[in-house]
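What's in my_file_12.tsv: TSV, C-alpha atoms
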```
chain	number	residue	atom	x	y	z
Q	172	MET	CA	30.08	5.82	-10.61
Q	173	LYS	CA	29.28	4.72	-14.14
Q	174	LYS	CA	27.50	1.71	-12.73
Q	175	ILE	CA	25.32	3.88	-10.56
Q	176	VAL	CA	24.46	6.16	-13.44
Q	177	PHE	CA	23.53	3.12	-15.47
Q	178	LEU	CA	21.44	1.78	-12.62
Q	179	VAL	CA	19.64	5.07	-12.29
Q	180	PHE	CA	18.92	5.13	-15.98
Q	181	ALA	CA	17.82	1.51	-16.09
Q	182	SER	CA	15.54	1.89	-13.13
Q	183	LEU	CA	14.06	5.06	-14.60
Q	184	LEU	CA	13.14	3.09	-17.68
Q	185	LEU	CA	11.86	0.23	-15.58
Q	186	TRP	CA	9.72	2.38	-13.38
Q	187	ALA	CA	8.52	4.84	-15.94
Q	188	GLY	CA	5.22	3.05	-16.24
Q	189	SER	CA	4.72	2.16	-12.64
Q	190	SER	CA	2.60	4.00	-10.20
Q	191	ALA	CA	4.14	4.92	-6.89
Q	192	ALA	CA	0.97	4.21	-5.00
Q	193	HIS	CA	1.18	2.42	-1.74
Q	194	ARG	CA	-1.25	-0.39	-1.89
Q	195	VAL	CA	-1.75	-3.14	-4.38
Q	196	THR	CA	-4.81	-5.27	-4.41
Q	197	ILE	CA	-5.34	-8.56	-6.13
Q	198	PHE	CA	-8.64	-10.17	-6.89
Q	199	GLY	CA	-8.86	-13.79	-7.93
Q	200	TRP	CA	-11.57	-16.08	-9.21
Q	201	ILE	CA	-11.79	-19.55	-10.66
Q	202	GLU	CA	-13.29	-20.53	-13.99
Q	203	GLY	CA	-13.21	-24.13	-15.04
Q	204	GLY	CA	-9.96	-25.22	-13.52
Q	205	THR	CA	-8.13	-21.99	-14.17
Q	206	VAL	CA	-7.42	-19.30	-11.64
Q	207	TYR	CA	-7.69	-15.75	-12.94
Q	208	THR	CA	-6.27	-12.80	-11.08
Q	209	GLU	CA	-6.37	-9.08	-11.55
Q	210	SER	CA	-4.03	-6.72	-9.69
Q	211	GLN	CA	-4.22	-2.99	-9.42
Q	212	TYR	CA	-3.31	0.11	-7.46
Q	213	PRO	CA	-5.92	2.08	-5.56
Q	214	ASP	CA	-6.16	4.70	-8.29
Q	215	GLY	CA	-7.29	1.99	-10.70
Q	216	LYS	CA	-4.00	1.57	-12.51
Q	217	ARG	CA	-3.16	-2.01	-13.33
Q	218	VAL	CA	0.01	-3.60	-12.03
Q	219	LYS	CA	2.19	-4.17	-15.05
Q	220	ASN	CA	4.97	-6.71	-14.78
Q	221	GLY	CA	4.12	-7.43	-11.18
Q	222	LYS	CA	5.50	-10.64	-9.80
Q	223	ILE	CA	2.94	-13.30	-8.93
Q	224	LEU	CA	3.79	-16.03	-6.49
Q	225	VAL	CA	1.45	-18.92	-5.80
Q	226	TYR	CA	1.80	-20.85	-2.57
Q	227	ASN	CA	-0.03	-23.89	-1.30
Q	228	GLU	CA	-1.36	-24.39	2.20
Q	229	GLY	CA	1.99	-25.29	3.68
Q	230	GLY	CA	3.62	-22.20	2.24
Q	231	LYS	CA	5.39	-24.09	-0.53
Q	232	GLU	CA	5.88	-22.07	-3.71
Q	233	LEU	CA	4.01	-23.74	-6.54
Q	234	LEU	CA	4.54	-21.38	-9.42
Q	235	THR	CA	5.51	-17.82	-10.29
Q	236	GLY	CA	4.70	-15.45	-13.09
Q	237	THR	CA	4.36	-11.84	-14.11
Q	238	THR	CA	1.21	-9.87	-14.73
Q	239	SER	CA	0.26	-8.63	-18.17
Q	240	ASP	CA	-0.22	-4.99	-19.16
Q	241	ASN	CA	-3.76	-5.27	-17.83
Q	242	GLY	CA	-2.54	-6.56	-14.51
Q	243	GLU	CA	-3.93	-9.99	-15.27
Q	244	PHE	CA	-2.41	-13.35	-14.65
Q	245	SER	CA	-3.98	-16.77	-14.91
Q	246	PHE	CA	-2.83	-20.30	-14.27
Q	247	LYS	CA	-4.24	-23.82	-14.18
Q	248	ILE	CA	-4.98	-25.09	-10.71
Q	249	PRO	CA	-1.97	-27.26	-9.91
Q	250	ASN	CA	-3.53	-29.43	-7.21
Q	251	ALA	CA	-6.51	-29.50	-4.93
Q	252	SER	CA	-5.23	-27.64	-1.93
Q	253	ALA	CA	-5.79	-24.16	-0.60
Q	254	LEU	CA	-3.95	-21.53	-2.64
Q	255	ARG	CA	-2.42	-18.24	-1.68
Q	256	VAL	CA	-1.74	-15.89	-4.57
Q	257	VAL	CA	0.66	-13.09	-3.76
Q	258	ILE	CA	1.32	-10.08	-5.94
Q	259	GLN	CA	4.59	-8.22	-5.48
Q	260	ALA	CA	4.70	-4.88	-7.21
Q	261	GLY	CA	8.15	-3.96	-5.98
Q	262	MET	CA	9.29	-1.39	-3.45
Q	263	GLY	CA	7.51	-3.03	-0.56
Q	264	HIS	CA	4.13	-3.27	-2.22
Q	265	GLN	CA	2.39	-6.55	-1.81
Q	266	GLY	CA	-1.11	-7.92	-1.81
Q	267	GLU	CA	-2.60	-11.35	-1.65
Q	268	TRP	CA	-5.70	-13.37	-2.35
Q	269	THR	CA	-6.49	-16.78	-0.91
Q	270	PHE	CA	-8.63	-19.65	-2.10
Q	271	SER	CA	-9.81	-22.20	0.43
Q	272	GLU	CA	-9.45	-25.88	-0.31
Q	273	GLN	CA	-13.23	-26.14	-0.59
Q	274	GLU	CA	-13.32	-23.47	-3.28
Q	275	ILE	CA	-10.65	-25.24	-5.27
Q	276	ARG	CA	-12.40	-28.59	-4.93
Q	277	ASN	CA	-15.72	-27.14	-5.97
Q	278	ALA	CA	-14.18	-25.46	-8.95
Q	279	THR	CA	-12.40	-28.54	-10.17
Q	280	GLY	CA	-15.48	-30.66	-9.50
Q	281	GLY	CA	-13.59	-33.36	-7.66
Q	282	THR	CA	-11.19	-33.99	-10.50
Q	283	LEU	CA	-7.88	-32.29	-10.21
Q	284	ASN	CA	-7.23	-31.72	-13.85
Q	285	ALA	CA	-9.16	-29.43	-16.07
Q	286	GLU	CA	-9.03	-31.87	-18.99
Q	287	ALA	CA	-12.13	-33.73	-17.81
Q	288	PRO	CA	-14.71	-31.13	-18.83
Q	289	GLU	CA	-13.62	-31.22	-22.46
Q	290	PRO	CA	-15.55	-34.35	-23.53
Q	291	ALA	CA	-18.57	-33.09	-21.63
Q	292	ALA	CA	-18.48	-29.94	-23.69
Q	293	ALA	CA	-18.37	-31.96	-26.87
Q	294	GLU	CA	-21.50	-33.80	-25.85
Q	295	THR	CA	-23.51	-30.80	-24.86
Q	296	PRO	CA	-25.03	-29.96	-28.22
Q	297	ALA	CA	-26.38	-33.48	-28.52
Q	298	GLN	CA	-28.40	-33.27	-25.32
Q	299	PRO	CA	-29.94	-29.85	-24.99
Q	300	PRO	CA	-33.38	-30.63	-23.56
Q	301	VAL	CA	-32.27	-32.55	-20.47
Q	302	ALA	CA	-33.84	-31.13	-17.36
Q	303	PRO	CA	-31.31	-31.21	-14.57
Q	304	THR	CA	-33.85	-31.94	-11.84
Q	305	VAL	CA	-34.92	-35.24	-13.29
Q	306	ALA	CA	-31.43	-36.52	-13.67
Q	307	PRO	CA	-30.84	-37.91	-10.20
Q	308	SER	CA	-34.06	-39.88	-9.67
Q	309	VAL	CA	-35.33	-40.89	-13.08
Q	310	PRO	CA	-32.85	-42.71	-15.28
Q	311	LEU	CA	-33.17	-41.29	-18.74
Q	312	PRO	CA	-33.83	-44.12	-21.10
Q	313	GLN	CA	-32.17	-42.85	-24.26
Q	314	THR	CA	-28.92	-41.59	-22.68
Q	315	PRO	CA	-27.29	-44.13	-20.48
Q	316	ALA	CA	-23.84	-42.70	-21.23
Q	317	PHE	CA	-24.80	-39.28	-19.93
Q	318	ASP	CA	-23.83	-39.62	-16.32
Q	319	LEU	CA	-24.36	-37.27	-13.43
Q	320	GLY	CA	-20.79	-36.12	-13.13
Q	321	GLN	CA	-20.67	-34.93	-16.70
Q	322	LEU	CA	-23.91	-33.10	-16.33
Q	323	GLU	CA	-22.65	-31.40	-13.24
Q	324	GLN	CA	-19.49	-30.32	-14.97
Q	325	MET	CA	-21.40	-29.03	-17.92
Q	326	MET	CA	-23.66	-27.00	-15.70
Q	327	GLU	CA	-20.70	-25.62	-13.87
Q	328	ARG	CA	-19.21	-24.44	-17.12
Q	329	VAL	CA	-22.41	-22.72	-18.11
Q	330	VAL	CA	-22.82	-21.07	-14.75
Q	331	ASP	CA	-19.19	-19.98	-14.80
Q	332	LYS	CA	-19.72	-18.39	-18.17
Q	333	LYS	CA	-22.87	-16.61	-17.06
Q	334	LEU	CA	-21.22	-15.39	-13.90
Q	335	GLN	CA	-18.13	-14.10	-15.61
Q	336	PRO	CA	-19.30	-10.49	-16.00
Q	337	ILE	CA	-20.52	-10.48	-12.42
Q	338	THR	CA	-17.21	-11.75	-11.09
Q	339	ARG	CA	-15.47	-9.05	-13.02
Q	340	MET	CA	-17.79	-6.46	-11.60
Q	341	LEU	CA	-17.13	-7.78	-8.13
Q	342	ALA	CA	-13.42	-7.57	-8.78
Q	343	GLN	CA	-13.76	-3.94	-9.67
Q	344	MET	CA	-15.91	-3.21	-6.64
Q	345	GLN	CA	-13.48	-4.99	-4.34
Q	346	GLN	CA	-10.73	-2.72	-5.49
Q	347	LYS	CA	-12.54	0.52	-4.88
Q	348	GLY	CA	-10.15	3.19	-3.86
Q	349	VAL	CA	-10.34	5.61	-1.02
Q	350	THR	CA	-13.70	7.15	-0.35
Q	351	LEU	CA	-14.56	10.57	0.96
Q	352	ASN	CA	-15.91	9.00	4.15
Q	353	ASP	CA	-12.50	7.50	4.88
Q	354	ILE	CA	-10.77	10.83	4.42
Q	355	PHE	CA	-13.07	12.85	6.62
Q	356	GLY	CA	-13.27	10.05	9.14
Q	357	GLY	CA	-9.51	10.08	9.47
Q	358	ILE	CA	-9.29	13.85	9.77
Q	359	GLY	CA	-12.00	13.74	12.40
Q	360	TYR	CA	-10.06	11.18	14.39
Q	361	ILE	CA	-6.92	13.29	14.31
Q	362	LEU	CA	-8.70	16.45	15.40
Q	363	GLY	CA	-10.47	14.49	18.12
Q	364	LEU	CA	-7.21	13.03	19.39
Q	365	ALA	CA	-5.63	16.47	19.42
Q	366	GLY	CA	-8.62	17.66	21.41
Q	367	VAL	CA	-8.26	14.85	23.93
Q	368	ALA	CA	-4.55	15.56	24.30
Q	369	ALA	CA	-5.24	19.27	24.78
Q	370	TYR	CA	-7.86	18.49	27.40
Q	371	PHE	CA	-5.56	16.33	29.48
Q	372	LEU	CA	-2.65	18.72	29.19
Q	373	SER	CA	-4.82	21.66	30.19
Q	374	ARG	CA	-5.99	19.75	33.27
Q	375	LYS	CA	-2.40	19.04	34.16
Q	376	ASN	CA	-1.61	22.72	33.82
Q	377	HIS	CA	-4.54	23.59	36.05
Q	378	THR	CA	-3.56	21.25	38.83
Q	379	LYS	CA	-0.01	22.56	38.71
Q	380	LYS	CA	-1.06	26.14	39.19
D	68	MET	CA	6.68	4.87	0.92
D	69	HIS	CA	4.33	2.59	2.82
D	70	LEU	CA	5.64	-0.92	3.28
D	71	SER	CA	2.93	-3.55	3.09
D	72	GLU	CA	2.45	-6.35	5.52
D	73	GLY	CA	4.09	-9.68	5.01
D	74	ILE	CA	7.24	-8.40	3.34
D	75	LEU	CA	9.61	-7.63	6.16
D	76	SER	CA	11.16	-10.16	8.47
D	77	GLY	CA	10.40	-10.27	12.18
D	78	PRO	CA	13.60	-8.63	13.46
D	79	VAL	CA	13.17	-5.66	11.12
D	80	LEU	CA	9.56	-5.19	12.23
D	81	VAL	CA	10.48	-5.39	15.90
D	82	SER	CA	13.46	-3.05	15.69
D	83	GLY	CA	11.38	-0.59	13.67
D	84	ALA	CA	8.64	-0.71	16.28
D	85	VAL	CA	11.10	-0.21	19.14
D	86	LEU	CA	12.76	2.76	17.47
D	87	ALA	CA	9.42	4.29	16.56
D	88	ALA	CA	8.19	3.85	20.14
D	89	ALA	CA	11.30	5.57	21.47
D	90	GLY	CA	10.90	8.42	18.99
D	91	THR	CA	7.24	8.78	19.89
D	92	ALA	CA	8.09	8.88	23.59
D	93	VAL	CA	10.55	11.70	22.99
D	94	GLY	CA	7.99	13.43	20.80
D	95	LEU	CA	5.30	13.21	23.47
D	96	LYS	CA	7.73	14.72	25.99
D	97	HIS	CA	8.20	17.66	23.67
D	98	LEU	CA	4.48	17.96	23.08
D	99	ASP	CA	3.25	20.74	25.31
D	100	TYR	CA	-0.05	22.53	25.46
D	101	ASP	CA	0.87	25.19	22.91
D	102	ARG	CA	1.89	22.72	20.26
D	103	ILE	CA	-1.03	20.34	20.32
D	104	ALA	CA	-3.17	22.18	17.81
D	105	GLN	CA	-0.26	22.50	15.43
D	106	THR	CA	0.67	18.84	15.79
D	107	GLY	CA	-2.91	17.82	15.14
D	108	MET	CA	-3.17	19.99	12.06
D	109	LEU	CA	0.06	18.73	10.57
D	110	SER	CA	-0.88	15.18	11.38
D	111	ALA	CA	-4.10	15.73	9.45
D	112	ALA	CA	-2.16	17.28	6.58
D	113	PHE	CA	0.18	14.30	6.48
D	114	PHE	CA	-2.79	11.95	6.59
D	115	VAL	CA	-4.38	13.55	3.55
D	116	ALA	CA	-1.18	14.27	1.63
D	117	SER	CA	-0.75	10.63	0.65
D	118	LEU	CA	-4.00	10.86	-1.27
D	119	ILE	CA	-2.83	13.72	-3.43
D	120	HIS	CA	-1.54	12.10	-6.55
D	121	VAL	CA	0.59	14.19	-8.82
D	122	PRO	CA	0.78	12.91	-12.36
D	123	VAL	CA	4.40	12.87	-13.51
D	124	GLY	CA	4.80	11.64	-17.03
D	125	PRO	CA	3.12	8.28	-17.40
D	126	SER	CA	3.04	7.51	-13.70
D	127	SER	CA	1.61	9.25	-10.69
D	128	VAL	CA	3.26	9.90	-7.36
D	129	HIS	CA	1.86	11.11	-4.10
D	130	LEU	CA	3.02	13.66	-1.58
D	131	ILE	CA	4.47	12.63	1.76
D	132	LEU	CA	5.06	16.00	3.43
D	133	ASN	CA	7.37	14.60	6.09
D	134	GLY	CA	9.83	17.41	5.46
D	135	ILE	CA	7.46	20.17	6.44
D	136	VAL	CA	6.02	18.14	9.31
D	137	GLY	CA	9.53	17.74	10.71
D	138	LEU	CA	10.47	21.34	10.12
D	139	MET	CA	7.43	22.64	11.96
D	140	LEU	CA	7.14	20.05	14.71
D	141	GLY	CA	10.62	18.76	15.47
D	142	TRP	CA	10.33	15.65	17.62
D	143	CYS	CA	6.56	15.98	17.73
D	144	ALA	CA	6.65	14.70	14.13
D	145	PHE	CA	6.87	11.20	15.59
D	146	PRO	CA	3.47	11.11	17.31
D	147	ALA	CA	1.92	13.13	14.47
D	148	ILE	CA	3.14	10.74	11.79
D	149	LEU	CA	2.42	7.64	13.87
D	150	ILE	CA	-1.21	8.65	14.30
D	151	ALA	CA	-1.60	9.60	10.66
D	152	LEU	CA	-0.06	6.30	9.53
D	153	THR	CA	-2.27	4.31	11.89
D	154	LEU	CA	-5.35	5.93	10.42
D	155	GLN	CA	-4.07	5.47	6.88
D	156	ALA	CA	-3.55	1.79	7.58
D	157	LEU	CA	-7.02	1.45	9.06
D	158	PHE	CA	-8.95	3.53	6.56
D	159	PHE	CA	-7.03	3.21	3.32
D	160	GLN	CA	-5.13	-0.05	3.90
D	161	PHE	CA	-1.92	1.80	3.07
D	162	GLY	CA	0.93	0.01	4.74
D	163	GLY	CA	-0.28	-2.16	7.57
D	164	ILE	CA	-0.60	-2.48	11.29
D	165	SER	CA	2.38	-4.78	11.70
D	166	THR	CA	4.60	-2.48	9.66
D	167	LEU	CA	3.47	0.61	11.51
D	168	GLY	CA	6.69	0.92	13.49
D	169	VAL	CA	8.92	0.53	10.47
D	170	ASN	CA	6.84	2.93	8.39
D	171	THR	CA	6.86	5.49	11.18
D	172	MET	CA	10.64	5.24	11.39
D	173	ILE	CA	10.97	5.55	7.62
D	174	MET	CA	8.97	8.76	7.50
D	175	ALA	CA	9.38	10.39	10.91
D	176	GLY	CA	13.08	9.65	11.32
D	177	PRO	CA	14.07	11.79	8.32
D	178	ALA	CA	11.57	14.42	9.45
D	179	VAL	CA	13.43	14.89	12.73
D	180	ALA	CA	16.82	14.68	11.03
D	181	CYS	CA	15.78	17.42	8.61
D	182	TYR	CA	14.50	19.48	11.50
D	183	TYR	CA	17.96	19.53	13.03
D	184	LEU	CA	19.64	20.07	9.68
D	185	PHE	CA	17.51	22.85	8.28
D	186	SER	CA	15.57	24.47	11.07
D	187	PRO	CA	18.45	26.73	12.17
D	188	VAL	CA	18.87	27.97	8.60
D	189	VAL	CA	15.16	28.53	8.09
D	190	GLN	CA	14.90	30.56	11.26
D	191	LYS	CA	17.97	32.60	10.58
D	192	GLY	CA	17.00	34.71	7.66
D	193	LYS	CA	14.18	35.22	5.27
D	194	ARG	CA	16.42	35.06	2.24
D	195	MET	CA	17.71	31.62	3.00
D	196	ALA	CA	14.45	30.27	4.35
D	197	GLY	CA	12.99	29.38	0.97
D	198	SER	CA	15.96	27.44	-0.34
D	199	ALA	CA	16.55	25.76	3.01
D	200	ALA	CA	12.91	24.70	3.09
D	201	PHE	CA	13.24	23.30	-0.42
D	202	ALA	CA	16.29	21.33	0.65
D	203	CYS	CA	14.39	20.16	3.72
D	204	GLY	CA	11.45	18.82	1.75
D	205	PHE	CA	13.77	17.25	-0.80
D	206	CYS	CA	16.08	15.60	1.70
D	207	ALA	CA	13.32	14.26	3.93
D	208	VAL	CA	11.97	12.17	1.06
D	209	LEU	CA	15.48	11.21	0.00
D	210	PHE	CA	16.35	9.98	3.49
D	211	SER	CA	13.05	8.15	3.66
D	212	ALA	CA	13.89	6.36	0.42
D	213	VAL	CA	17.27	5.35	1.81
D	214	LEU	CA	15.72	4.12	5.06
D	215	MET	CA	13.22	2.14	3.05
D	216	GLY	CA	16.08	0.54	1.17
D	217	VAL	CA	17.65	-0.38	4.50
D	218	ALA	CA	14.39	-1.91	5.68
D	219	LEU	CA	14.05	-3.92	2.49
D	220	MET	CA	17.68	-4.94	2.50
D	221	THR	CA	16.95	-8.05	4.53
D	222	THR	CA	14.29	-9.35	2.18
D	223	GLU	CA	15.10	-8.01	-1.26
D	224	GLU	CA	18.24	-8.57	-3.22
D	225	LYS	CA	20.89	-5.91	-2.98
D	226	PHE	CA	20.79	-2.77	-0.90
D	227	MET	CA	22.37	-0.56	-3.56
D	228	GLU	CA	20.04	-1.60	-6.36
D	229	VAL	CA	16.86	-1.44	-4.33
D	230	THR	CA	17.75	1.92	-2.86
D	231	VAL	CA	18.67	3.43	-6.21
D	232	LEU	CA	15.39	2.12	-7.56
D	233	ILE	CA	13.36	3.67	-4.76
D	234	ILE	CA	15.20	6.97	-5.02
D	235	THR	CA	14.67	7.25	-8.76
D	236	ALA	CA	11.01	6.38	-8.44
D	237	ASN	CA	10.61	9.07	-5.81
D	238	LEU	CA	12.74	11.71	-7.51
D	239	PRO	CA	9.71	13.65	-8.73
D	240	VAL	CA	8.22	13.51	-5.24
D	241	MET	CA	11.40	15.00	-3.81
D	242	VAL	CA	11.26	17.96	-6.17
D	243	ILE	CA	7.54	18.53	-5.64
D	244	GLU	CA	7.87	18.21	-1.87
D	245	GLY	CA	10.75	20.66	-1.95
D	246	ILE	CA	8.65	23.20	-3.82
D	247	VAL	CA	5.62	22.67	-1.57
D	248	THR	CA	7.73	22.98	1.56
D	249	ALA	CA	9.44	26.10	0.29
D	250	PHE	CA	6.12	27.75	-0.53
D	251	CYS	CA	4.68	26.89	2.87
D	252	ILE	CA	7.66	28.16	4.79
D	253	VAL	CA	7.96	31.39	2.82
D	254	PHE	CA	4.25	31.97	3.32
D	255	LEU	CA	4.35	31.20	7.03
D	256	ASN	CA	7.42	33.36	7.49
D	257	LYS	CA	5.39	36.26	6.17
D	258	VAL	CA	2.13	35.51	7.92
D	259	LYS	CA	2.92	33.75	11.15
D	260	PRO	CA	6.63	33.17	11.80
D	261	SER	CA	5.92	31.80	15.28
D	262	LEU	CA	4.46	28.64	13.77
D	263	ILE	CA	7.81	27.35	12.63
D	264	ALA	CA	9.29	25.15	15.32
D	265	ASN	CA	11.61	27.11	17.52
D	266	LYS	CA	13.48	25.41	20.30
D	267	ARG	CA	14.46	28.57	22.10
D	268	SER	CA	11.07	30.17	22.22
D	269	ARG	CA	9.45	27.04	23.51
D	270	SER	CA	11.54	26.38	26.58
```
Write out the structure in this file as structure tokens.
Amino acid sequence: MKKIVFLVFASLLLWAGSSAAHRVTIFGWIEGGTVYTESQYPDGKRVKNGKILVYNEGGKELLTGTTSDNGEFSFKIPNASALRVVIQAGMGHQGEWTFSEQEIRNATGGTLNAEAPEPAAAETPAQPPVAPTVAPSVPLPQTPAFDLGQLEQMMERVVDKKLQPITRMLAQMQQKGVTLNDIFGGIGYILGLAGVAAYFLSRKNHTKK
Amino acid sequence: MHLSEGILSGPVLVSGAVLAAAGTAVGLKHLDYDRIAQTGMLSAAFFVASLIHVPVGPSSVHLILNGIVGLMLGWCAFPAILIALTLQALFFQFGGISTLGVNTMIMAGPAVACYYLFSPVVQKGKRMAGSAAFACGFCAVLFSAVLMGVALMTTEEKFMEVTVLIITANLPVMVIEGIVTAFCIVFLNKVKPSLIANKRSRS
């Protein structure tokens, strides 16, 4: 009995901050070799202390973690395969987000580890006026060390940075809650179904009489 | 109360679906011409109730209303809840299509159980009706929580812990549902007593 009372108390504490909504959504995006995720309930509340599980293509568990107070969780891309990120918010609530292998490969720029972009970043201030379009055809005379791969990585970093607010906005839009259309659509369906049922039953009654 | 997809194992999903199908079949047998409008209305109420979030302390909970649906519909609660859950899964992504059977069992099963437990008391006297309706709304959610624990037993750790967790999380819902159910029944008893499911008058 004491154990149960303790359990009740402990779970009350545990669940005090959680929302008893019935859907969790997770949105994920990649920035320079790191996967960022954001999880929330339909009413906009973030999933605190939700369990994150990351699986590869074959369903093998790669890593686990818990979400922060803002429902965020990020991790370095472990290897270049498709990823499935699952959020478990307890009590049967689960959501997932998948990255295709192509997405992962694009994001890591062919290299698996995120360490590679670092030297490129260090070089960037030295070569600001390079026009990207000339790079492939015309060999730049003064920078033989500045190869195409590094340029590509640098550009990717810049684009990632610029796109960051947009990705966030997309994340928020993706997780839009229930709209009025949904509600009235559903009610309409139910009333319609009741009407259909009434119609068929009334016909049955007629033929009986 | 809605179990998401990809959590439960195959056998649980299948047995939930089979039980829900059986319950729905019985419900459709009970569904006669006079009860269609009522079933539709309560199905719509159930459909919308999940959207009503009640802030309790730092968290918010939502209504389920399976107690009152059961009390007023009896076995017809099965088709009513099945349809509402299907539409919730399609429109709101609450629960899921594969877990439809299990979710229907979790919510409609207690509704029917509470119908048998409390309907005789509610119909007996006006004095008792209010408190019986409160108990009905309370117990329906409680039973649902227990059933949910049973469904999760196969995938999550221990039955006792999970169930206690679900029950505590839904404790505010139970109280609110009890109050809502009691108000509805007392009101209907005054205004239109014939609406409350009555086995004898129907047959």
Expressed in Å to a single decimal, how great is the separation between CA of Gln211 (chain Q) and CA of Pro336 (chain Q)? 18.1 Å
Near region 234-249 of chain D, counting all atoms listed in the file, which residues have an atom at most 7 Å away, once you skip same-chain residues fewer than 4 positions from it, shown as a PyMOL selection string? (chain Q and resi 179+182-183+186) or (chain D and resi 128-130+132+135+197-198+200-205+208-209+212+230+253)
Pick out the closest residue to Ser76 (chain D) from this set: D:Cys251, D:Val169, D:Ala112, D:Val188. Count only C-alpha atoms.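 Answer, going by the shortest atom-to-atom distance: D:Val169.
Considering the residues D:Asn133, D:Gln155, D:Ser165, D:Ser82 and counting all atoms listed in the file, chain Q has its shortest atom-to-atom contact with D:Gln155.
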Proximity of chain D to chain Q: per-residue shortest pair, 6 Å limit, all atoms listed in the file, as CSV:
```
residue,atom,partner,partner_atom,distance
D:His69,CA,Q:His193,CA,5.5
D:Leu70,CA,Q:Gly263,CA,4.8
D:Ser71,CA,Q:His264,CA,5.5
D:Tyr100,CA,Q:Leu372,CA,5.9
D:Gly107,CA,Q:Ala365,CA,5.2
D:Ala111,CA,Q:Ile358,CA,5.5
D:Pro125,CA,Q:Gly188,CA,5.8
D:Ser126,CA,Q:Ser190,CA,5.0
D:Ser127,CA,Q:Ser190,CA,5.4
D:Val128,CA,Q:Ala191,CA,5.1
D:Leu154,CA,Q:Gly357,CA,6.0
D:Phe158,CA,Q:Asp353,CA,5.6
D:Phe159,CA,Q:Val349,CA,6.0
D:Phe161,CA,Q:Arg194,CA,5.5
D:Leu232,CA,Q:Ser182,CA,5.6
```
Can you measure CA of Gly168 (chain D) to CA of Ile223 (chain Q) for me? One decimal in Å is fine. 26.8 Å
